[in-house]
>>> print(open('final16.pdb').read())   # PDB, C-alpha atoms, pLDDT in the B column
ATOM      1  CA  MET W   1      77.876 116.352 105.441  1.00 95.00           C
ATOM      2  CA  ARG W   2      81.225 117.858 106.397  1.00 97.00           C
ATOM      3  CA  VAL W   3      83.613 115.345 107.941  1.00 98.00           C
ATOM      4  CA  LEU W   4      86.921 116.207 109.582  1.00 98.00           C
ATOM      5  CA  VAL W   5      89.487 113.409 109.236  1.00 97.00           C
ATOM      6  CA  THR W   6      92.636 113.292 111.362  1.00 97.00           C
ATOM      7  CA  GLY W   7      95.355 110.797 110.512  1.00 95.00           C
ATOM      8  CA  SER W   8      94.283 110.893 106.874  1.00 94.00           C
ATOM      9  CA  THR W   9      97.826 110.280 105.601  1.00 92.00           C
ATOM     10  CA  GLY W  10      98.230 107.140 107.726  1.00 91.00           C
ATOM     11  CA  PHE W  11      97.627 103.533 106.756  1.00 90.00           C
ATOM     12  CA  VAL W  12      94.001 103.375 107.931  1.00 94.00           C
ATOM     13  CA  GLY W  13      93.304 107.034 107.198  1.00 93.00           C
ATOM     14  CA  GLY W  14      94.058 106.777 103.491  1.00 92.00           C
ATOM     15  CA  HIS W  15      91.525 103.966 103.114  1.00 93.00           C
ATOM     16  CA  VAL W  16      88.920 105.873 105.139  1.00 96.00           C
ATOM     17  CA  VAL W  17      89.406 109.030 103.044  1.00 95.00           C
ATOM     18  CA  ARG W  18      88.944 107.107  99.786  1.00 93.00           C
ATOM     19  CA  ALA W  19      85.792 105.413 101.107  1.00 95.00           C
ATOM     20  CA  LEU W  20      84.250 108.656 102.393  1.00 96.00           C
ATOM     21  CA  SER W  21      85.211 110.500  99.193  1.00 94.00           C
ATOM     22  CA  SER W  22      83.462 107.877  97.078  1.00 93.00           C
ATOM     23  CA  CYS W  23      80.280 108.543  99.085  1.00 94.00           C
ATOM     24  CA  GLY W  24      80.419 112.253  98.251  1.00 92.00           C
ATOM     25  CA  TYR W  25      81.140 113.625 101.732  1.00 96.00           C
ATOM     26  CA  GLU W  26      82.908 116.969 101.990  1.00 97.00           C
ATOM     27  CA  LEU W  27      86.130 116.146 103.805  1.00 97.00           C
ATOM     28  CA  GLY W  28      88.418 118.375 105.822  1.00 96.00           C
ATOM     29  CA  LEU W  29      91.739 116.545 105.981  1.00 96.00           C
ATOM     30  CA  LEU W  30      93.868 117.767 108.859  1.00 96.00           C
ATOM     31  CA  VAL W  31      97.461 117.378 107.662  1.00 94.00           C
ATOM     32  CA  ARG W  32     100.791 118.809 108.754  1.00 91.00           C
ATOM     33  CA  ASP W  33     102.136 119.019 105.210  1.00 89.00           C
ATOM     34  CA  VAL W  34      99.831 119.393 102.208  1.00 88.00           C
ATOM     35  CA  GLU W  35     102.651 118.358  99.833  1.00 86.00           C
ATOM     36  CA  LYS W  36     102.909 114.926 101.491  1.00 82.00           C
ATOM     37  CA  ALA W  37      99.124 114.464 101.332  1.00 83.00           C
ATOM     38  CA  GLY W  38      98.843 115.019  97.576  1.00 76.00           C
ATOM     39  CA  GLY W  39      97.577 111.481  96.967  1.00 80.00           C
ATOM     40  CA  LEU W  40      94.414 112.315  98.906  1.00 86.00           C
ATOM     41  CA  LYS W  41      93.214 115.029  96.543  1.00 87.00           C
ATOM     42  CA  GLY W  42      89.574 114.801  95.619  1.00 87.00           C
ATOM     43  CA  PRO W  43      86.783 117.042  94.364  1.00 89.00           C
ATOM     44  CA  ASN W  44      85.247 117.344  97.848  1.00 91.00           C
ATOM     45  CA  ASN W  45      88.459 117.195  99.895  1.00 94.00           C
ATOM     46  CA  VAL W  46      89.824 120.306 101.575  1.00 94.00           C
ATOM     47  CA  PHE W  47      93.274 120.247 103.154  1.00 94.00           C
ATOM     48  CA  LEU W  48      93.486 121.867 106.580  1.00 95.00           C
ATOM     49  CA  GLU W  49      97.184 122.409 107.145  1.00 93.00           C
ATOM     50  CA  GLY W  50      97.784 122.346 110.862  1.00 93.00           C
ATOM     51  CA  ASP W  51      98.997 120.388 113.832  1.00 93.00           C
ATOM     52  CA  LEU W  52      97.173 118.825 116.774  1.00 94.00           C
ATOM     53  CA  ASP W  53      99.901 120.284 119.005  1.00 93.00           C
ATOM     54  CA  ASP W  54      98.948 123.864 118.064  1.00 92.00           C
ATOM     55  CA  VAL W  55      95.606 124.285 119.828  1.00 88.00           C
ATOM     56  CA  ARG W  56      95.037 127.935 118.892  1.00 89.00           C
ATOM     57  CA  SER W  57      95.654 127.366 115.179  1.00 91.00           C
ATOM     58  CA  LEU W  58      93.629 124.150 115.260  1.00 92.00           C
ATOM     59  CA  LYS W  59      90.678 125.930 116.839  1.00 94.00           C
ATOM     60  CA  GLN W  60      90.653 128.487 114.029  1.00 93.00           C
ATOM     61  CA  LEU W  61      90.939 125.829 111.284  1.00 93.00           C
ATOM     62  CA  LEU W  62      88.047 123.832 112.718  1.00 95.00           C
ATOM     63  CA  LYS W  63      85.838 126.866 113.213  1.00 93.00           C
ATOM     64  CA  GLU W  64      86.381 127.766 109.553  1.00 94.00           C
ATOM     65  CA  PHE W  65      85.741 124.224 108.270  1.00 96.00           C
ATOM     66  CA  VAL W  66      82.624 123.756 110.472  1.00 96.00           C
ATOM     67  CA  PRO W  67      82.607 119.940 110.737  1.00 98.00           C
ATOM     68  CA  ASP W  68      79.392 117.979 111.279  1.00 98.00           C
ATOM     69  CA  SER W  69      81.392 114.945 112.356  1.00 98.00           C
ATOM     70  CA  CYS W  70      84.977 113.783 112.839  1.00 98.00           C
ATOM     71  CA  VAL W  71      86.868 110.567 112.174  1.00 98.00           C
ATOM     72  CA  HIS W  72      89.830 110.727 114.548  1.00 98.00           C
ATOM     73  CA  LEU W  73      92.578 108.322 113.489  1.00 97.00           C
ATOM     74  CA  ALA W  74      95.680 110.375 114.291  1.00 96.00           C
ATOM     75  CA  TRP W  75      98.036 108.613 116.697  1.00 96.00           C
ATOM     76  CA  GLU W  76     101.668 109.359 116.057  1.00 94.00           C
ATOM     77  CA  GLY W  77     104.567 107.008 116.680  1.00 92.00           C
ATOM     78  CA  ILE W  78     103.044 103.540 116.403  1.00 87.00           C
ATOM     79  CA  PRO W  79     104.540 100.997 117.160  1.00 86.00           C
ATOM     80  CA  ASP W  80     106.131 103.061 119.956  1.00 93.00           C
ATOM     81  CA  TYR W  81     103.757 102.459 122.867  1.00 94.00           C
ATOM     82  CA  SER W  82     105.903 104.218 125.484  1.00 97.00           C
ATOM     83  CA  ALA W  83     104.601 106.516 128.219  1.00 97.00           C
ATOM     84  CA  GLY W  84     105.798 109.707 126.535  1.00 98.00           C
ATOM     85  CA  VAL W  85     104.358 108.934 123.121  1.00 98.00           C
ATOM     86  CA  SER W  86     101.073 107.695 124.600  1.00 98.00           C
ATOM     87  CA  TYR W  87     100.716 110.778 126.815  1.00 98.00           C
ATOM     88  CA  ARG W  88     101.431 113.158 123.946  1.00 97.00           C
ATOM     89  CA  ASN W  89      98.840 111.475 121.716  1.00 98.00           C
ATOM     90  CA  LEU W  90      96.297 111.482 124.520  1.00 98.00           C
ATOM     91  CA  SER W  91      96.837 115.223 125.124  1.00 97.00           C
ATOM     92  CA  ARG W  92      96.387 115.979 121.431  1.00 97.00           C
ATOM     93  CA  SER W  93      93.201 113.935 121.288  1.00 97.00           C
ATOM     94  CA  LEU W  94      91.748 115.592 124.391  1.00 97.00           C
ATOM     95  CA  ASN W  95      92.432 119.044 122.943  1.00 96.00           C
ATOM     96  CA  LEU W  96      90.752 118.059 119.684  1.00 97.00           C
ATOM     97  CA  ALA W  97      87.691 116.725 121.502  1.00 97.00           C
ATOM     98  CA  GLU W  98      87.337 119.905 123.551  1.00 95.00           C
ATOM     99  CA  ILE W  99      87.495 122.102 120.453  1.00 96.00           C
ATOM    100  CA  LEU W 100      84.995 119.934 118.578  1.00 97.00           C
ATOM    101  CA  ALA W 101      82.547 119.860 121.486  1.00 96.00           C
ATOM    102  CA  ARG W 102      82.803 123.479 122.548  1.00 94.00           C
ATOM    103  CA  GLU W 103      83.785 125.472 119.457  1.00 94.00           C
ATOM    104  CA  THR W 104      82.132 123.714 116.475  1.00 96.00           C
ATOM    105  CA  PRO W 105      78.743 122.237 115.581  1.00 96.00           C
ATOM    106  CA  CYS W 106      80.309 118.747 115.402  1.00 97.00           C
ATOM    107  CA  LYS W 107      77.834 116.144 116.671  1.00 97.00           C
ATOM    108  CA  LYS W 108      79.763 112.885 116.242  1.00 98.00           C
ATOM    109  CA  ILE W 109      83.335 111.697 116.678  1.00 98.00           C
ATOM    110  CA  VAL W 110      84.420 108.281 115.446  1.00 98.00           C
ATOM    111  CA  VAL W 111      87.657 107.157 117.140  1.00 98.00           C
ATOM    112  CA  SER W 112      89.953 104.200 116.590  1.00 95.00           C
ATOM    113  CA  GLY W 113      90.787 102.286 119.710  1.00 94.00           C
ATOM    114  CA  SER W 114      92.909  99.139 119.796  1.00 92.00           C
ATOM    115  CA  CYS W 115      92.638  95.468 120.645  1.00 90.00           C
ATOM    116  CA  LEU W 116      95.533  96.163 123.022  1.00 90.00           C
ATOM    117  CA  GLU W 117      92.953  97.752 125.337  1.00 92.00           C
ATOM    118  CA  TYR W 118      91.936  94.210 126.330  1.00 91.00           C
ATOM    119  CA  GLY W 119      95.411  93.562 127.720  1.00 89.00           C
ATOM    120  CA  LYS W 120      95.542  90.003 126.415  1.00 83.00           C
ATOM    121  CA  THR W 121      98.769  88.554 125.085  1.00 77.00           C
ATOM    122  CA  SER W 122      97.180  85.330 123.867  1.00 82.00           C
ATOM    123  CA  GLY W 123      93.787  83.800 123.278  1.00 85.00           C
ATOM    124  CA  VAL W 124      90.592  85.096 121.799  1.00 88.00           C
ATOM    125  CA  CYS W 125      89.309  88.615 122.431  1.00 85.00           C
ATOM    126  CA  GLU W 126      85.595  89.280 122.548  1.00 83.00           C
ATOM    127  CA  GLU W 127      84.029  92.728 122.351  1.00 81.00           C
ATOM    128  CA  SER W 128      82.322  91.984 125.650  1.00 86.00           C
ATOM    129  CA  ASP W 129      85.666  91.362 127.413  1.00 88.00           C
ATOM    130  CA  SER W 130      86.596  93.931 130.024  1.00 90.00           C
ATOM    131  CA  VAL W 131      89.499  96.221 129.274  1.00 90.00           C
ATOM    132  CA  GLN W 132      92.776  95.746 131.117  1.00 88.00           C
ATOM    133  CA  THR W 133      95.316  98.524 131.373  1.00 88.00           C
ATOM    134  CA  ALA W 134      98.497  96.567 130.700  1.00 90.00           C
ATOM    135  CA  SER W 135     100.401  99.279 128.806  1.00 94.00           C
ATOM    136  CA  TYR W 136     100.676 103.050 128.540  1.00 97.00           C
ATOM    137  CA  PHE W 137      99.122 102.821 125.084  1.00 96.00           C
ATOM    138  CA  ALA W 138      96.052 100.975 126.439  1.00 95.00           C
ATOM    139  CA  TRP W 139      95.854 103.468 129.326  1.00 97.00           C
ATOM    140  CA  ALA W 140      95.890 106.414 126.901  1.00 98.00           C
ATOM    141  CA  LYS W 141      93.247 104.894 124.635  1.00 97.00           C
ATOM    142  CA  GLN W 142      90.997 103.989 127.555  1.00 96.00           C
ATOM    143  CA  THR W 143      91.448 107.412 129.141  1.00 97.00           C
ATOM    144  CA  LEU W 144      90.415 109.040 125.870  1.00 98.00           C
ATOM    145  CA  TYR W 145      87.380 106.760 125.619  1.00 97.00           C
ATOM    146  CA  ASN W 146      86.330 107.551 129.197  1.00 97.00           C
ATOM    147  CA  TYR W 147      86.820 111.278 128.666  1.00 98.00           C
ATOM    148  CA  LEU W 148      84.770 111.281 125.452  1.00 98.00           C
ATOM    149  CA  THR W 149      82.016 109.325 127.196  1.00 97.00           C
ATOM    150  CA  LEU W 150      81.805 111.961 129.948  1.00 97.00           C
ATOM    151  CA  LEU W 151      82.066 114.818 127.439  1.00 97.00           C
ATOM    152  CA  GLY W 152      79.148 113.342 125.517  1.00 95.00           C
ATOM    153  CA  ARG W 153      76.974 113.642 128.615  1.00 95.00           C
ATOM    154  CA  GLN W 154      77.666 117.395 128.786  1.00 93.00           C
ATOM    155  CA  SER W 155      77.632 118.257 125.078  1.00 94.00           C
ATOM    156  CA  PRO W 156      75.960 117.020 121.909  1.00 94.00           C
ATOM    157  CA  LEU W 157      79.170 115.232 120.827  1.00 96.00           C
ATOM    158  CA  GLN W 158      78.387 111.529 120.400  1.00 97.00           C
ATOM    159  CA  THR W 159      81.311 109.081 120.478  1.00 97.00           C
ATOM    160  CA  ILE W 160      81.612 105.968 118.350  1.00 97.00           C
ATOM    161  CA  TRP W 161      84.579 103.853 119.445  1.00 96.00           C
ATOM    162  CA  PHE W 162      85.938 100.923 117.486  1.00 93.00           C
ATOM    163  CA  ARG W 163      88.911  98.733 118.288  1.00 92.00           C
ATOM    164  CA  LEU W 164      91.283  97.702 115.530  1.00 89.00           C
ATOM    165  CA  PHE W 165      92.748  94.181 115.554  1.00 88.00           C
ATOM    166  CA  TYR W 166      96.087  93.712 113.787  1.00 83.00           C
ATOM    167  CA  ILE W 167      95.028  95.090 110.432  1.00 85.00           C
ATOM    168  CA  TYR W 168      97.152  94.747 107.327  1.00 86.00           C
ATOM    169  CA  GLY W 169      96.890  95.445 103.616  1.00 86.00           C
ATOM    170  CA  PRO W 170      97.860  97.848 100.840  1.00 85.00           C
ATOM    171  CA  GLY W 171      99.622 100.948 102.121  1.00 82.00           C
ATOM    172  CA  GLN W 172     100.898  99.359 105.326  1.00 82.00           C
ATOM    173  CA  ARG W 173     104.400 100.366 106.426  1.00 82.00           C
ATOM    174  CA  LEU W 174     106.953  98.129 104.752  1.00 82.00           C
ATOM    175  CA  ASN W 175     108.675  96.988 107.959  1.00 82.00           C
ATOM    176  CA  ALA W 176     105.431  95.603 109.445  1.00 83.00           C
ATOM    177  CA  LEU W 177     105.123  91.811 109.785  1.00 86.00           C
ATOM    178  CA  ILE W 178     103.026  90.859 106.740  1.00 87.00           C
ATOM    179  CA  PRO W 179     104.763  93.183 104.229  1.00 87.00           C
ATOM    180  CA  SER W 180     108.205  92.063 105.440  1.00 87.00           C
ATOM    181  CA  ILE W 181     107.273  88.387 105.051  1.00 89.00           C
ATOM    182  CA  VAL W 182     105.842  88.995 101.569  1.00 89.00           C
ATOM    183  CA  ARG W 183     108.899  90.997 100.521  1.00 88.00           C
ATOM    184  CA  SER W 184     111.280  88.312 101.788  1.00 89.00           C
ATOM    185  CA  SER W 185     109.321  85.581 100.014  1.00 90.00           C
ATOM    186  CA  MET W 186     109.279  87.523  96.746  1.00 91.00           C
ATOM    187  CA  ASN W 187     113.063  87.927  97.009  1.00 91.00           C
ATOM    188  CA  GLY W 188     113.550  84.222  97.740  1.00 93.00           C
ATOM    189  CA  GLU W 189     114.774  84.994 101.255  1.00 91.00           C
ATOM    190  CA  ILE W 190     113.849  83.546 104.623  1.00 89.00           C
ATOM    191  CA  PRO W 191     112.075  86.227 106.709  1.00 83.00           C
ATOM    192  CA  ASP W 192     113.793  87.488 109.875  1.00 78.00           C
TER     193      ASP W 192
END
>>> encode(input="final16.pdb", output="structure tokens")
Amino acid sequence: MRVLVTGSTGFVGGHVVRALSSCGYELGLLVRDVEKAGGLKGPNNVFLEGDLDDVRSLKQLLKEFVPDSCVHLAWEGIPDYSAGVSYRNLSRSLNLAEILARETPCKKIVVSGSCLEYGKTSGVCEESDSVQTASYFAWAKQTLYNYLTLLGRQSPLQTIWFRLFYIYGPGQRLNALIPSIVRSSMNGEIPD
């Protein structure tokens, strides 16, 4: 199976690439800079150097790779959840979905949503909770989900949507909460 992975150089993406590689999938890793993605080399990994902003080039790359499925993790700028950043990421994701559905044999797209779609600032979130658009980020994620749902009714592209909840671990950006607390503790400092 040929799997396109966007966001492969990100925190979650690196873990996903290693897991899929260990299962023997042929991966097409969409990256802006192959040099920066060197740690993702693998016997079945192919680097597709391109940019989600360049629709024409992206279309050609995806037609040549011929993905069976896609894991779409790319979302630039986190933790900037502003209107401009959210809109730009939404536009990129919509363009990708259109190309996958209309120009490739891709049958499945797996997309990372966010717990922020629930709009809660405290308390427990349940998967059955309704979504609340309380931020531009949540609006963009929900708009993408709704669009993919409609697209799936008109094309063979099936959507699998999962919402991430405050993940942490190896490879996380150093200024995130858990790494900064660990670093401060290891240096004998009180965290900010």
>>> resolve_selection(input="final16.pdb", expression="the PyMOL selection byres ((chain W and resi 18) around 12)", output="MDAnalysis selection string")
chainID W and resid 5 8:9 11:17 19:27 29 39:45
>>> atom_distance(input="final16.pdb", atom1="CA of Phe165 in chain W", atom2="CA of Leu94 in chain W")
23.2 Å
>>> resolve_selection(input="final16.pdb", expression="the PyMOL selection byres ((chain W and resi 113-121) around 8)", output="PyMOL selection string")
chain W and resi 111-112+122-123+125+129-135+137-139+141-142+161-166
>>> write_last_selection(input="final16.pdb", atoms="C-alpha atoms", output="mmCIF file, in the coordinates of the input")
data_model
loop_
_atom_site.group_PDB
_atom_site.id
_atom_site.type_symbol
_atom_site.label_atom_id
_atom_site.label_comp_id
_atom_site.auth_asym_id
_atom_site.auth_seq_id
_atom_site.Cartn_x
_atom_site.Cartn_y
_atom_site.Cartn_z
ATOM 1 C CA VAL W 111 87.657 107.157 117.140
ATOM 2 C CA SER W 112 89.953 104.200 116.590
ATOM 3 C CA SER W 122 97.180 85.330 123.867
ATOM 4 C CA GLY W 123 93.787 83.800 123.278
ATOM 5 C CA CYS W 125 89.309 88.615 122.431
ATOM 6 C CA ASP W 129 85.666 91.362 127.413
ATOM 7 C CA SER W 130 86.596 93.931 130.024
ATOM 8 C CA VAL W 131 89.499 96.221 129.274
ATOM 9 C CA GLN W 132 92.776 95.746 131.117
ATOM 10 C CA THR W 133 95.316 98.524 131.373
ATOM 11 C CA ALA W 134 98.497 96.567 130.700
ATOM 12 C CA SER W 135 100.401 99.279 128.806
ATOM 13 C CA PHE W 137 99.122 102.821 125.084
ATOM 14 C CA ALA W 138 96.052 100.975 126.439
ATOM 15 C CA TRP W 139 95.854 103.468 129.326
ATOM 16 C CA LYS W 141 93.247 104.894 124.635
ATOM 17 C CA GLN W 142 90.997 103.989 127.555
ATOM 18 C CA TRP W 161 84.579 103.853 119.445
ATOM 19 C CA PHE W 162 85.938 100.923 117.486
ATOM 20 C CA ARG W 163 88.911 98.733 118.288
ATOM 21 C CA LEU W 164 91.283 97.702 115.530
ATOM 22 C CA PHE W 165 92.748 94.181 115.554
ATOM 23 C CA TYR W 166 96.087 93.712 113.787
#
>>> closest_residue(input="final16.pdb", among="W:Cys106, W:Ala37, W:Leu58, W:Leu52", to="Trp75 in chain W", atoms="only C-alpha atoms")
W:Leu52
>>> closest_residue(input="final16.pdb", among="W:Cys70, W:Ile167, W:Leu144, W:Val110", to="Pro179 in chain W", atoms="all atoms listed in the file")
W:Ile167
>>> atom_distance(input="final16.pdb", atom1="CA of Arg92 in chain W", atom2="CA of Val46 in chain W")
21.4 Å
>>> axis_aligned_box(input="final16.pdb", around="range 182-189 of chain W", padding_each_side="6 Å", output="JSON")
{"center_x": 110.3, "center_y": 87.6, "center_z": 99.3, "size_x": 20.9, "size_y": 18.8, "size_z": 17.0}
>>> resolve_selection(input="final16.pdb", expression="the PyMOL selection byres ((chain W and resi 76) around 8)", output="list of chain:residue names")
W:Ala74, W:Trp75, W:Gly77, W:Ile78, W:Val85, W:Asn89
>>> atom_distance(input="final16.pdb", atom1="CA of Asp33 in chain W", atom2="CA of Arg56 in chain W")
17.8 Å
>>> residues_around(input="final16.pdb", residues="range 95-104 of chain W", least_positions_apart="4", cutoff="12 Å", atoms="all atoms listed in the file", output="PyMOL selection string")
chain W and resi 2-6+30+51-74+88-91+108-111+144-145+147-159
>>> closest_residue(input="final16.pdb", among="W:Asn175, W:Ile160, W:Glu127, W:Gly38", to="Pro79 in chain W", atoms="only C-alpha atoms")
W:Asn175
>>> closest_residue(input="final16.pdb", among="W:Val31, W:Leu48, W:Ala140, W:Val124", to="Gly84 in chain W", atoms="all atoms listed in the file")
W:Ala140
>>> decode(input="final16.pdb", residues="range 1-72 of chain W", atoms="C-alpha atoms", output="mmCIF file, in the first residue's frame")
data_model
loop_
_atom_site.group_PDB
_atom_site.id
_atom_site.type_symbol
_atom_site.label_atom_id
_atom_site.label_comp_id
_atom_site.auth_asym_id
_atom_site.auth_seq_id
_atom_site.Cartn_x
_atom_site.Cartn_y
_atom_site.Cartn_z
ATOM 1 C CA MET W 1 0.000 0.000 0.000
ATOM 2 C CA ARG W 2 1.227 3.470 -0.918
ATOM 3 C CA VAL W 3 0.609 6.047 1.800
ATOM 4 C CA LEU W 4 1.105 9.786 1.410
ATOM 5 C CA VAL W 5 2.092 11.469 4.685
ATOM 6 C CA THR W 6 1.892 15.236 5.152
ATOM 7 C CA GLY W 7 3.443 16.809 8.229
ATOM 8 C CA SER W 8 5.953 13.970 8.393
ATOM 9 C CA THR W 9 8.682 16.195 9.861
ATOM 10 C CA GLY W 10 6.436 17.357 12.715
ATOM 11 C CA PHE W 11 6.160 15.968 16.225
ATOM 12 C CA VAL W 12 3.305 13.543 15.501
ATOM 13 C CA GLY W 13 4.353 12.934 11.904
ATOM 14 C CA GLY W 14 7.772 11.553 12.785
ATOM 15 C CA HIS W 15 6.195 8.945 15.058
ATOM 16 C CA VAL W 16 3.594 8.039 12.422
ATOM 17 C CA VAL W 17 6.271 7.641 9.726
ATOM 18 C CA ARG W 18 8.338 5.314 11.924
ATOM 19 C CA ALA W 19 5.271 3.210 12.768
ATOM 20 C CA LEU W 20 4.115 2.933 9.144
ATOM 21 C CA SER W 21 7.671 2.209 7.960
ATOM 22 C CA SER W 22 7.980 -0.655 10.433
ATOM 23 C CA CYS W 23 4.836 -2.179 8.890
ATOM 24 C CA GLY W 24 6.403 -2.136 5.423
ATOM 25 C CA TYR W 25 4.161 0.472 3.782
ATOM 26 C CA GLU W 26 5.565 2.429 0.854
ATOM 27 C CA LEU W 27 5.509 6.020 2.061
ATOM 28 C CA GLY W 28 5.470 9.243 0.092
ATOM 29 C CA LEU W 29 6.627 11.928 2.511
ATOM 30 C CA LEU W 30 5.571 15.378 1.376
ATOM 31 C CA VAL W 31 8.310 17.709 2.627
ATOM 32 C CA ARG W 32 9.399 21.229 1.761
ATOM 33 C CA ASP W 33 13.082 20.478 2.286
ATOM 34 C CA VAL W 34 14.497 16.974 1.852
ATOM 35 C CA GLU W 35 17.685 17.960 3.729
ATOM 36 C CA LYS W 36 15.693 18.719 6.898
ATOM 37 C CA ALA W 37 13.804 15.415 6.612
ATOM 38 C CA GLY W 38 16.915 13.222 6.504
ATOM 39 C CA GLY W 39 16.016 11.478 9.766
ATOM 40 C CA LEU W 40 12.974 9.951 8.073
ATOM 41 C CA LYS W 41 14.921 7.952 5.505
ATOM 42 C CA GLY W 42 13.795 4.382 5.119
ATOM 43 C CA PRO W 43 13.909 1.596 2.547
ATOM 44 C CA ASN W 44 10.289 2.207 1.495
ATOM 45 C CA ASN W 45 10.179 5.981 2.016
ATOM 46 C CA VAL W 46 10.143 8.339 -0.951
ATOM 47 C CA PHE W 47 10.564 12.071 -0.409
ATOM 48 C CA LEU W 48 8.164 14.249 -2.386
ATOM 49 C CA GLU W 49 9.686 17.706 -2.247
ATOM 50 C CA GLY W 50 6.877 20.195 -2.548
ATOM 51 C CA ASP W 51 4.593 22.607 -0.790
ATOM 52 C CA LEU W 52 0.875 22.498 -0.018
ATOM 53 C CA ASP W 53 0.714 26.127 -1.181
ATOM 54 C CA ASP W 54 1.789 25.184 -4.725
ATOM 55 C CA VAL W 55 -1.288 23.372 -6.031
ATOM 56 C CA ARG W 56 -0.008 22.760 -9.568
ATOM 57 C CA SER W 57 3.279 21.230 -8.410
ATOM 58 C CA LEU W 58 1.490 19.252 -5.702
ATOM 59 C CA LYS W 59 -0.941 17.805 -8.224
ATOM 60 C CA GLN W 60 1.942 16.534 -10.348
ATOM 61 C CA LEU W 61 3.802 15.035 -7.353
ATOM 62 C CA LEU W 62 0.707 13.179 -6.177
ATOM 63 C CA LYS W 63 -0.172 11.898 -9.630
ATOM 64 C CA GLU W 64 3.352 10.481 -9.921
ATOM 65 C CA PHE W 65 3.332 8.901 -6.442
ATOM 66 C CA VAL W 66 -0.188 7.422 -6.895
ATOM 67 C CA PRO W 67 -1.242 7.165 -3.227
ATOM 68 C CA ASP W 68 -3.749 4.564 -2.035
ATOM 69 C CA SER W 69 -4.287 6.512 1.171
ATOM 70 C CA CYS W 70 -3.122 9.659 2.953
ATOM 71 C CA VAL W 71 -2.301 10.563 6.541
ATOM 72 C CA HIS W 72 -2.744 14.335 6.669
#
